[in-house]
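For reference, data02.txt (compact mmCIF, N, CA and C atoms):
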```
# COMPACT_ATOMS: atom_id res chain seq x y z
N MET A 1 215.03 -32.49 -141.08
CA MET A 1 214.23 -33.62 -140.65
C MET A 1 213.84 -34.41 -141.90
N GLN A 2 214.00 -35.70 -141.84
CA GLN A 2 213.66 -36.59 -142.95
C GLN A 2 212.13 -36.75 -143.05
N ARG A 3 211.68 -37.12 -144.25
CA ARG A 3 210.24 -37.27 -144.49
C ARG A 3 209.61 -38.25 -143.52
N HIS A 4 210.22 -39.42 -143.34
CA HIS A 4 209.64 -40.43 -142.46
C HIS A 4 209.56 -39.94 -141.02
N GLU A 5 210.53 -39.13 -140.60
CA GLU A 5 210.49 -38.57 -139.24
C GLU A 5 209.34 -37.57 -139.12
N LEU A 6 209.17 -36.78 -140.16
CA LEU A 6 208.08 -35.81 -140.17
C LEU A 6 206.72 -36.53 -140.15
N MET A 7 206.60 -37.61 -140.94
CA MET A 7 205.36 -38.39 -140.96
C MET A 7 205.08 -38.99 -139.59
N ASP A 8 206.11 -39.53 -138.95
CA ASP A 8 205.95 -40.10 -137.62
C ASP A 8 205.51 -39.04 -136.62
N LEU A 9 206.08 -37.86 -136.71
CA LEU A 9 205.71 -36.77 -135.82
C LEU A 9 204.27 -36.33 -136.05
N LEU A 10 203.86 -36.20 -137.31
CA LEU A 10 202.48 -35.83 -137.62
C LEU A 10 201.51 -36.88 -137.08
N LYS A 11 201.88 -38.15 -137.19
CA LYS A 11 201.04 -39.22 -136.66
C LYS A 11 200.98 -39.17 -135.13
N THR A 12 202.12 -38.89 -134.51
CA THR A 12 202.15 -38.77 -133.06
C THR A 12 201.23 -37.65 -132.58
N LEU A 13 201.22 -36.57 -133.36
CA LEU A 13 200.36 -35.43 -133.04
C LEU A 13 198.92 -35.64 -133.50
N LYS A 14 198.65 -36.80 -134.10
CA LYS A 14 197.33 -37.17 -134.59
C LYS A 14 196.81 -36.19 -135.64
N LEU A 15 197.70 -35.78 -136.54
CA LEU A 15 197.35 -34.89 -137.64
C LEU A 15 197.19 -35.72 -138.91
N TYR A 16 196.18 -36.60 -138.90
CA TYR A 16 196.01 -37.58 -139.96
C TYR A 16 195.62 -36.96 -141.30
N GLY A 17 194.93 -35.83 -141.26
CA GLY A 17 194.61 -35.13 -142.51
C GLY A 17 195.86 -34.64 -143.20
N MET A 18 196.81 -34.14 -142.43
CA MET A 18 198.08 -33.69 -142.99
C MET A 18 198.87 -34.87 -143.54
N VAL A 19 198.86 -35.96 -142.79
CA VAL A 19 199.60 -37.15 -143.22
C VAL A 19 199.07 -37.65 -144.56
N SER A 20 197.75 -37.71 -144.69
CA SER A 20 197.16 -38.30 -145.90
C SER A 20 197.36 -37.44 -147.14
N THR A 21 197.54 -36.14 -146.96
CA THR A 21 197.69 -35.27 -148.13
C THR A 21 199.08 -34.66 -148.27
N PHE A 22 199.99 -35.04 -147.39
CA PHE A 22 201.30 -34.39 -147.36
C PHE A 22 202.03 -34.44 -148.70
N ASP A 23 202.19 -35.63 -149.25
CA ASP A 23 202.98 -35.77 -150.48
C ASP A 23 202.37 -34.97 -151.63
N GLU A 24 201.07 -35.11 -151.81
CA GLU A 24 200.42 -34.39 -152.91
C GLU A 24 200.47 -32.88 -152.69
N THR A 25 200.20 -32.43 -151.48
CA THR A 25 200.22 -31.00 -151.18
C THR A 25 201.61 -30.42 -151.34
N PHE A 26 202.60 -31.14 -150.85
CA PHE A 26 203.97 -30.67 -150.94
C PHE A 26 204.44 -30.62 -152.39
N THR A 27 204.15 -31.68 -153.13
CA THR A 27 204.55 -31.74 -154.55
C THR A 27 203.89 -30.63 -155.35
N GLN A 28 202.60 -30.44 -155.15
CA GLN A 28 201.88 -29.37 -155.87
C GLN A 28 202.41 -28.00 -155.47
N GLY A 29 202.70 -27.83 -154.19
CA GLY A 29 203.22 -26.55 -153.72
C GLY A 29 204.56 -26.20 -154.35
N VAL A 30 205.44 -27.17 -154.41
CA VAL A 30 206.75 -26.95 -155.04
C VAL A 30 206.58 -26.68 -156.53
N ARG A 31 205.73 -27.47 -157.17
CA ARG A 31 205.48 -27.31 -158.61
C ARG A 31 204.95 -25.91 -158.94
N HIS A 32 204.08 -25.39 -158.07
CA HIS A 32 203.49 -24.06 -158.30
C HIS A 32 204.27 -22.95 -157.60
N GLN A 33 205.44 -23.26 -157.11
CA GLN A 33 206.34 -22.30 -156.46
C GLN A 33 205.65 -21.55 -155.31
N GLN A 34 204.93 -22.30 -154.51
CA GLN A 34 204.27 -21.71 -153.36
C GLN A 34 205.26 -21.55 -152.22
N THR A 35 204.98 -20.59 -151.35
CA THR A 35 205.83 -20.38 -150.18
C THR A 35 205.55 -21.49 -149.16
N ALA A 36 206.44 -21.62 -148.21
CA ALA A 36 206.25 -22.61 -147.14
C ALA A 36 204.96 -22.31 -146.39
N GLN A 37 204.66 -21.04 -146.22
CA GLN A 37 203.44 -20.65 -145.51
C GLN A 37 202.19 -21.08 -146.29
N GLU A 38 202.21 -20.95 -147.61
CA GLU A 38 201.08 -21.39 -148.42
C GLU A 38 200.90 -22.90 -148.36
N ILE A 39 202.01 -23.62 -148.46
CA ILE A 39 201.95 -25.08 -148.38
C ILE A 39 201.42 -25.52 -147.01
N PHE A 40 201.93 -24.89 -145.97
CA PHE A 40 201.47 -25.22 -144.62
C PHE A 40 199.99 -24.89 -144.46
N GLY A 41 199.54 -23.80 -145.07
CA GLY A 41 198.13 -23.44 -145.03
C GLY A 41 197.26 -24.51 -145.67
N HIS A 42 197.71 -25.05 -146.81
CA HIS A 42 196.96 -26.12 -147.47
C HIS A 42 196.93 -27.38 -146.61
N LEU A 43 198.04 -27.67 -145.95
CA LEU A 43 198.08 -28.83 -145.05
C LEU A 43 197.11 -28.63 -143.88
N CYS A 44 197.05 -27.43 -143.36
CA CYS A 44 196.11 -27.13 -142.26
C CYS A 44 194.66 -27.26 -142.72
N GLN A 45 194.38 -26.81 -143.95
CA GLN A 45 193.03 -26.95 -144.50
C GLN A 45 192.67 -28.43 -144.65
N ALA A 46 193.61 -29.23 -145.09
CA ALA A 46 193.38 -30.67 -145.22
C ALA A 46 193.10 -31.30 -143.87
N GLU A 47 193.83 -30.86 -142.85
CA GLU A 47 193.62 -31.38 -141.50
C GLU A 47 192.24 -30.99 -140.99
N ALA A 48 191.85 -29.75 -141.21
CA ALA A 48 190.53 -29.29 -140.77
C ALA A 48 189.42 -30.08 -141.46
N ALA A 49 189.58 -30.32 -142.76
CA ALA A 49 188.58 -31.08 -143.51
C ALA A 49 188.50 -32.52 -143.01
N GLU A 50 189.64 -33.12 -142.71
CA GLU A 50 189.67 -34.49 -142.19
C GLU A 50 188.98 -34.57 -140.84
N ARG A 51 189.24 -33.60 -139.97
CA ARG A 51 188.62 -33.60 -138.64
C ARG A 51 187.11 -33.42 -138.74
N LYS A 52 186.67 -32.56 -139.64
CA LYS A 52 185.23 -32.37 -139.82
C LYS A 52 184.59 -33.66 -140.33
N ALA A 53 185.22 -34.29 -141.31
CA ALA A 53 184.68 -35.55 -141.86
C ALA A 53 184.65 -36.63 -140.78
N ARG A 54 185.70 -36.70 -139.98
CA ARG A 54 185.76 -37.70 -138.90
C ARG A 54 184.66 -37.44 -137.86
N SER A 55 184.45 -36.17 -137.54
CA SER A 55 183.41 -35.80 -136.59
C SER A 55 182.03 -36.18 -137.12
N ILE A 56 181.79 -35.91 -138.39
CA ILE A 56 180.50 -36.26 -138.99
C ILE A 56 180.30 -37.77 -138.97
N ARG A 57 181.34 -38.54 -139.31
CA ARG A 57 181.22 -40.01 -139.27
C ARG A 57 180.90 -40.48 -137.85
N TYR A 58 181.56 -39.91 -136.87
CA TYR A 58 181.32 -40.30 -135.48
C TYR A 58 179.89 -39.95 -135.07
N GLN A 59 179.48 -38.72 -135.36
CA GLN A 59 178.14 -38.29 -134.96
C GLN A 59 177.04 -39.08 -135.67
N MET A 60 177.29 -39.45 -136.93
CA MET A 60 176.30 -40.26 -137.65
C MET A 60 176.18 -41.64 -136.99
N GLY A 61 177.29 -42.19 -136.53
CA GLY A 61 177.23 -43.47 -135.82
C GLY A 61 176.55 -43.34 -134.47
N ALA A 62 176.85 -42.25 -133.76
CA ALA A 62 176.26 -42.02 -132.45
C ALA A 62 174.75 -41.77 -132.54
N ALA A 63 174.30 -41.27 -133.68
CA ALA A 63 172.87 -40.99 -133.86
C ALA A 63 172.04 -42.26 -133.94
N ARG A 64 172.68 -43.36 -134.29
CA ARG A 64 172.02 -44.68 -134.36
C ARG A 64 170.83 -44.71 -135.31
N PHE A 65 171.04 -44.18 -136.49
CA PHE A 65 170.00 -44.25 -137.51
C PHE A 65 169.86 -45.70 -137.98
N PRO A 66 168.62 -46.12 -138.26
CA PRO A 66 168.45 -47.50 -138.75
C PRO A 66 168.95 -47.67 -140.18
N GLY A 67 169.18 -46.61 -140.89
CA GLY A 67 169.70 -46.68 -142.26
C GLY A 67 169.81 -45.28 -142.82
N PRO A 68 170.58 -45.11 -143.88
CA PRO A 68 170.74 -43.77 -144.47
C PRO A 68 169.50 -43.34 -145.26
N LYS A 69 169.13 -42.10 -145.11
CA LYS A 69 168.01 -41.53 -145.85
C LYS A 69 168.34 -40.08 -146.19
N GLY A 70 167.82 -39.63 -147.32
CA GLY A 70 168.00 -38.24 -147.71
C GLY A 70 166.67 -37.63 -148.10
N LEU A 71 166.61 -36.33 -148.11
CA LEU A 71 165.37 -35.66 -148.47
C LEU A 71 165.07 -35.84 -149.96
N ASP A 72 166.11 -35.99 -150.77
CA ASP A 72 165.92 -36.17 -152.21
C ASP A 72 165.15 -37.46 -152.52
N GLY A 73 165.27 -38.45 -151.67
CA GLY A 73 164.61 -39.72 -151.91
C GLY A 73 163.17 -39.78 -151.44
N PHE A 74 162.67 -38.70 -150.83
CA PHE A 74 161.29 -38.71 -150.31
C PHE A 74 160.34 -38.21 -151.38
N LYS A 75 159.25 -38.94 -151.57
CA LYS A 75 158.24 -38.60 -152.58
C LYS A 75 157.14 -37.75 -151.95
N PHE A 76 157.31 -36.44 -152.00
CA PHE A 76 156.33 -35.54 -151.41
C PHE A 76 154.97 -35.63 -152.13
N ASP A 77 154.98 -35.91 -153.42
CA ASP A 77 153.73 -35.96 -154.17
C ASP A 77 152.89 -37.19 -153.81
N HIS A 78 153.47 -38.18 -153.13
CA HIS A 78 152.75 -39.37 -152.70
C HIS A 78 152.41 -39.32 -151.21
N SER A 79 152.54 -38.13 -150.60
CA SER A 79 152.36 -38.01 -149.17
C SER A 79 151.56 -36.75 -148.84
N SER A 80 150.93 -36.77 -147.69
CA SER A 80 150.20 -35.58 -147.24
C SER A 80 151.09 -34.68 -146.37
N VAL A 81 152.38 -34.94 -146.36
CA VAL A 81 153.34 -34.18 -145.57
C VAL A 81 153.44 -32.75 -146.11
N ASN A 82 153.57 -31.79 -145.21
CA ASN A 82 153.71 -30.38 -145.55
C ASN A 82 155.15 -30.15 -146.04
N GLU A 83 155.35 -30.13 -147.36
CA GLU A 83 156.69 -30.03 -147.92
C GLU A 83 157.43 -28.75 -147.51
N PRO A 84 156.80 -27.56 -147.56
CA PRO A 84 157.53 -26.35 -147.13
C PRO A 84 158.00 -26.43 -145.67
N LEU A 85 157.17 -27.00 -144.81
CA LEU A 85 157.56 -27.15 -143.41
C LEU A 85 158.76 -28.10 -143.28
N ILE A 86 158.70 -29.21 -143.99
CA ILE A 86 159.80 -30.19 -143.93
C ILE A 86 161.10 -29.55 -144.45
N ARG A 87 161.02 -28.81 -145.53
CA ARG A 87 162.21 -28.16 -146.09
C ARG A 87 162.77 -27.12 -145.12
N ASP A 88 161.89 -26.44 -144.40
CA ASP A 88 162.34 -25.49 -143.38
C ASP A 88 163.04 -26.22 -142.24
N LEU A 89 162.46 -27.32 -141.80
CA LEU A 89 163.08 -28.12 -140.74
C LEU A 89 164.43 -28.68 -141.20
N TYR A 90 164.50 -29.06 -142.46
CA TYR A 90 165.73 -29.59 -143.05
C TYR A 90 166.87 -28.58 -142.97
N SER A 91 166.53 -27.30 -143.04
CA SER A 91 167.56 -26.25 -142.97
C SER A 91 168.18 -26.17 -141.58
N GLY A 92 167.51 -26.71 -140.57
CA GLY A 92 168.05 -26.72 -139.22
C GLY A 92 167.74 -25.49 -138.39
N HIS A 93 166.89 -24.60 -138.89
CA HIS A 93 166.58 -23.38 -138.13
C HIS A 93 165.92 -23.66 -136.79
N PHE A 94 165.23 -24.78 -136.67
CA PHE A 94 164.58 -25.12 -135.41
C PHE A 94 165.60 -25.31 -134.28
N LEU A 95 166.85 -25.58 -134.62
CA LEU A 95 167.88 -25.77 -133.61
C LEU A 95 168.25 -24.48 -132.91
N GLU A 96 168.05 -23.36 -133.57
CA GLU A 96 168.36 -22.06 -132.97
C GLU A 96 167.51 -21.81 -131.73
N GLN A 97 166.32 -22.40 -131.69
CA GLN A 97 165.45 -22.27 -130.51
C GLN A 97 165.59 -23.47 -129.57
N ALA A 98 166.58 -24.31 -129.82
CA ALA A 98 166.83 -25.51 -129.00
C ALA A 98 165.57 -26.37 -128.90
N ARG A 99 164.96 -26.65 -130.05
CA ARG A 99 163.73 -27.44 -130.09
C ARG A 99 164.02 -28.84 -130.61
N ASN A 100 163.23 -29.78 -130.18
CA ASN A 100 163.30 -31.16 -130.66
C ASN A 100 162.20 -31.38 -131.68
N LEU A 101 162.36 -32.42 -132.48
CA LEU A 101 161.31 -32.81 -133.43
C LEU A 101 160.76 -34.17 -133.03
N ILE A 102 159.46 -34.28 -133.11
CA ILE A 102 158.80 -35.56 -132.90
C ILE A 102 157.82 -35.73 -134.06
N PHE A 103 157.95 -36.83 -134.78
CA PHE A 103 157.07 -37.11 -135.91
C PHE A 103 156.01 -38.11 -135.48
N ILE A 104 154.75 -37.78 -135.73
CA ILE A 104 153.63 -38.64 -135.36
C ILE A 104 152.80 -38.87 -136.62
N GLY A 105 152.41 -40.10 -136.83
CA GLY A 105 151.58 -40.42 -137.98
C GLY A 105 151.44 -41.91 -138.15
N GLY A 106 150.62 -42.28 -139.08
CA GLY A 106 150.37 -43.69 -139.34
C GLY A 106 151.54 -44.38 -140.02
N THR A 107 151.42 -45.67 -140.15
CA THR A 107 152.43 -46.48 -140.82
C THR A 107 152.57 -46.04 -142.27
N GLY A 108 153.82 -45.90 -142.72
CA GLY A 108 154.09 -45.58 -144.11
C GLY A 108 153.94 -44.12 -144.49
N THR A 109 153.86 -43.23 -143.50
CA THR A 109 153.70 -41.80 -143.81
C THR A 109 155.02 -41.08 -144.00
N GLY A 110 156.13 -41.74 -143.70
CA GLY A 110 157.44 -41.14 -143.93
C GLY A 110 158.12 -40.59 -142.69
N LYS A 111 157.62 -40.93 -141.52
CA LYS A 111 158.20 -40.41 -140.28
C LYS A 111 159.67 -40.75 -140.14
N THR A 112 160.01 -42.00 -140.32
CA THR A 112 161.39 -42.45 -140.18
C THR A 112 162.27 -41.82 -141.25
N HIS A 113 161.82 -41.87 -142.48
CA HIS A 113 162.60 -41.32 -143.59
C HIS A 113 162.91 -39.84 -143.35
N LEU A 114 161.88 -39.06 -143.05
CA LEU A 114 162.07 -37.62 -142.87
C LEU A 114 162.91 -37.29 -141.64
N SER A 115 162.69 -38.01 -140.55
CA SER A 115 163.46 -37.72 -139.34
C SER A 115 164.94 -38.02 -139.55
N ILE A 116 165.24 -39.11 -140.24
CA ILE A 116 166.64 -39.44 -140.52
C ILE A 116 167.25 -38.42 -141.48
N ALA A 117 166.51 -38.04 -142.51
CA ALA A 117 167.02 -37.06 -143.48
C ALA A 117 167.33 -35.73 -142.82
N ILE A 118 166.42 -35.25 -141.98
CA ILE A 118 166.62 -33.95 -141.31
C ILE A 118 167.77 -34.04 -140.32
N ALA A 119 167.78 -35.08 -139.50
CA ALA A 119 168.84 -35.21 -138.50
C ALA A 119 170.20 -35.39 -139.17
N SER A 120 170.28 -36.16 -140.24
CA SER A 120 171.55 -36.36 -140.95
C SER A 120 172.08 -35.04 -141.49
N HIS A 121 171.19 -34.26 -142.07
CA HIS A 121 171.61 -32.96 -142.62
C HIS A 121 172.09 -32.03 -141.50
N CYS A 122 171.42 -32.04 -140.37
CA CYS A 122 171.84 -31.21 -139.24
C CYS A 122 173.21 -31.65 -138.71
N ILE A 123 173.45 -32.94 -138.67
CA ILE A 123 174.75 -33.45 -138.25
C ILE A 123 175.83 -32.98 -139.21
N LYS A 124 175.55 -33.02 -140.50
CA LYS A 124 176.52 -32.56 -141.50
C LYS A 124 176.80 -31.07 -141.37
N MET A 125 175.86 -30.33 -140.77
CA MET A 125 176.07 -28.90 -140.53
C MET A 125 176.80 -28.64 -139.21
N GLY A 126 177.15 -29.71 -138.49
CA GLY A 126 177.93 -29.55 -137.28
C GLY A 126 177.17 -29.74 -135.98
N HIS A 127 175.93 -30.15 -136.06
CA HIS A 127 175.13 -30.37 -134.86
C HIS A 127 175.13 -31.86 -134.50
N ARG A 128 174.57 -32.16 -133.36
CA ARG A 128 174.44 -33.55 -132.95
C ARG A 128 172.98 -33.96 -133.07
N GLY A 129 172.75 -35.24 -133.25
CA GLY A 129 171.40 -35.75 -133.34
C GLY A 129 171.34 -37.16 -132.81
N ARG A 130 170.15 -37.58 -132.49
CA ARG A 130 169.96 -38.95 -131.99
C ARG A 130 168.59 -39.42 -132.44
N TYR A 131 168.55 -40.59 -133.03
CA TYR A 131 167.31 -41.19 -133.50
C TYR A 131 166.78 -42.15 -132.44
N PHE A 132 165.50 -42.02 -132.14
CA PHE A 132 164.83 -42.94 -131.23
C PHE A 132 163.53 -43.38 -131.89
N SER A 133 163.24 -44.64 -131.87
CA SER A 133 161.89 -45.08 -132.19
C SER A 133 161.08 -44.87 -130.91
N ALA A 134 159.78 -44.88 -131.02
CA ALA A 134 158.94 -44.68 -129.84
C ALA A 134 159.23 -45.74 -128.78
N ILE A 135 159.42 -46.98 -129.22
CA ILE A 135 159.69 -48.08 -128.28
C ILE A 135 161.02 -47.86 -127.58
N ASP A 136 162.07 -47.48 -128.34
CA ASP A 136 163.38 -47.23 -127.74
C ASP A 136 163.32 -46.08 -126.73
N LEU A 137 162.59 -45.04 -127.08
CA LEU A 137 162.48 -43.89 -126.18
C LEU A 137 161.78 -44.26 -124.89
N VAL A 138 160.68 -44.99 -124.99
CA VAL A 138 159.95 -45.42 -123.79
C VAL A 138 160.84 -46.31 -122.93
N ASN A 139 161.56 -47.24 -123.57
CA ASN A 139 162.46 -48.13 -122.80
C ASN A 139 163.56 -47.35 -122.10
N GLN A 140 164.14 -46.37 -122.78
CA GLN A 140 165.20 -45.58 -122.16
C GLN A 140 164.65 -44.75 -121.00
N LEU A 141 163.49 -44.16 -121.18
CA LEU A 141 162.89 -43.38 -120.09
C LEU A 141 162.56 -44.27 -118.91
N GLU A 142 162.12 -45.47 -119.18
CA GLU A 142 161.81 -46.43 -118.11
C GLU A 142 163.08 -46.81 -117.34
N GLN A 143 164.18 -47.03 -118.05
CA GLN A 143 165.46 -47.36 -117.41
C GLN A 143 165.92 -46.20 -116.54
N GLU A 144 165.81 -44.98 -117.05
CA GLU A 144 166.24 -43.82 -116.27
C GLU A 144 165.37 -43.64 -115.04
N LYS A 145 164.07 -43.95 -115.17
CA LYS A 145 163.16 -43.86 -114.04
C LYS A 145 163.56 -44.85 -112.95
N GLU A 146 163.92 -46.06 -113.37
CA GLU A 146 164.33 -47.10 -112.41
C GLU A 146 165.63 -46.74 -111.71
N MET A 147 166.53 -46.07 -112.41
CA MET A 147 167.83 -45.72 -111.85
C MET A 147 167.73 -44.47 -110.96
N GLY A 148 166.76 -43.62 -111.22
CA GLY A 148 166.62 -42.35 -110.51
C GLY A 148 165.88 -42.49 -109.26
```
Translate the structure described by the file into structure tokens.
Amino acid sequence: MQRHELMDLLKTLKLYGMVSTFDETFTQGVRHQQTAQEIFGHLCQAEAAERKARSIRYQMGAARFPGPKGLDGFKFDHSSVNEPLIRDLYSGHFLEQARNLIFIGGTGTGKTHLSIAIASHCIKMGHRGRYFSAIDLVNQLEQEKEMG
């Protein structure tokens, strides 16, 4: 089978991670005298990594965050927020009990920043998340009430 035929087949099978790394993986494999099984294993790892990255990108879009935020950018020393609690929530352990998080506080206390940071990290760990402002949540509940 010719290279272009193989590339077309990989694309047909939607193995985009393999397509994007095929030449480099194959060249490196031959250079290092790897077996066909080893080269194929590296291609499979590339495909798995691509699928995970694609899933994270999709889930981050579906979460509808108003902007990117990370825990590193939050100034705990300028806030009355319980840092150990936030770091525990950031680890995602609360998901094991199927619990939701709701942040309540005054303007400028970091509710949005922390909720986005925690949810983003959980999505990167393979979970799903969704950001709602209080207004959006009330509007959605109202719509569901009208439809139900």
(message) Measuring between only C-alpha atoms, which one of A:Val138, A:Met1, A:Cys44, A:Ser120 shows the shortest distance to Arg64 in chain A?
(response) A:Ser120
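Using only C-alpha atoms, the shortest contact distance between Leu6 in chain A and any of A:Glu38, A:Asp23, A:Ala53, A:Ala62 is found at A:Asp23.
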(request) Please identify all polymer residues within 9 Å of Ala117 in chain A, counting only C-alpha atoms, omitting same-chain residues fewer than 6 positions from it, and present them as a ChimeraX atom specification. (result) /A:68-72,90
(message) What does the structure give for the distance between CA of Gly108 in chain A and CA of Ser133 in chain A, in Å to one decimal?
(response)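 Computed distance, CA of Gly108 in chain A to CA of Ser133 in chain A, equals 14.3 Å.
Non-sequential neighbours of Val19 in chain A (distance at most 8 Å, separation of 2 or more positions within a chain, only N, CA and C atoms) are Leu6, Met7, Leu10, Lys11, Lys14, Leu15, Tyr16, Gly17, Thr21, Phe22, Asp23, Glu24, Leu43, Ala46 and Glu47 of chain A.
The gap separating atom C of Phe76 in chain A from atom N of Gly92 in chain A is 19.2 Å, in Å to one decimal.
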(request) To one decimal in Å, tell me the separation between atom N of Asp136 in chain A and atom C of Pro84 in chain A. (result)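 Separation of atom N of Asp136 in chain A and atom C of Pro84 in chain A: 27.6 Å.
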(message) Measuring between only C-alpha atoms, which one of A:Arg51, A:Gln97, A:Ser20, A:Phe65 shows the shortest distance to Ser115 in chain A?
(response)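 Selected residue with least distance to Ser115 in chain A: A:Phe65.
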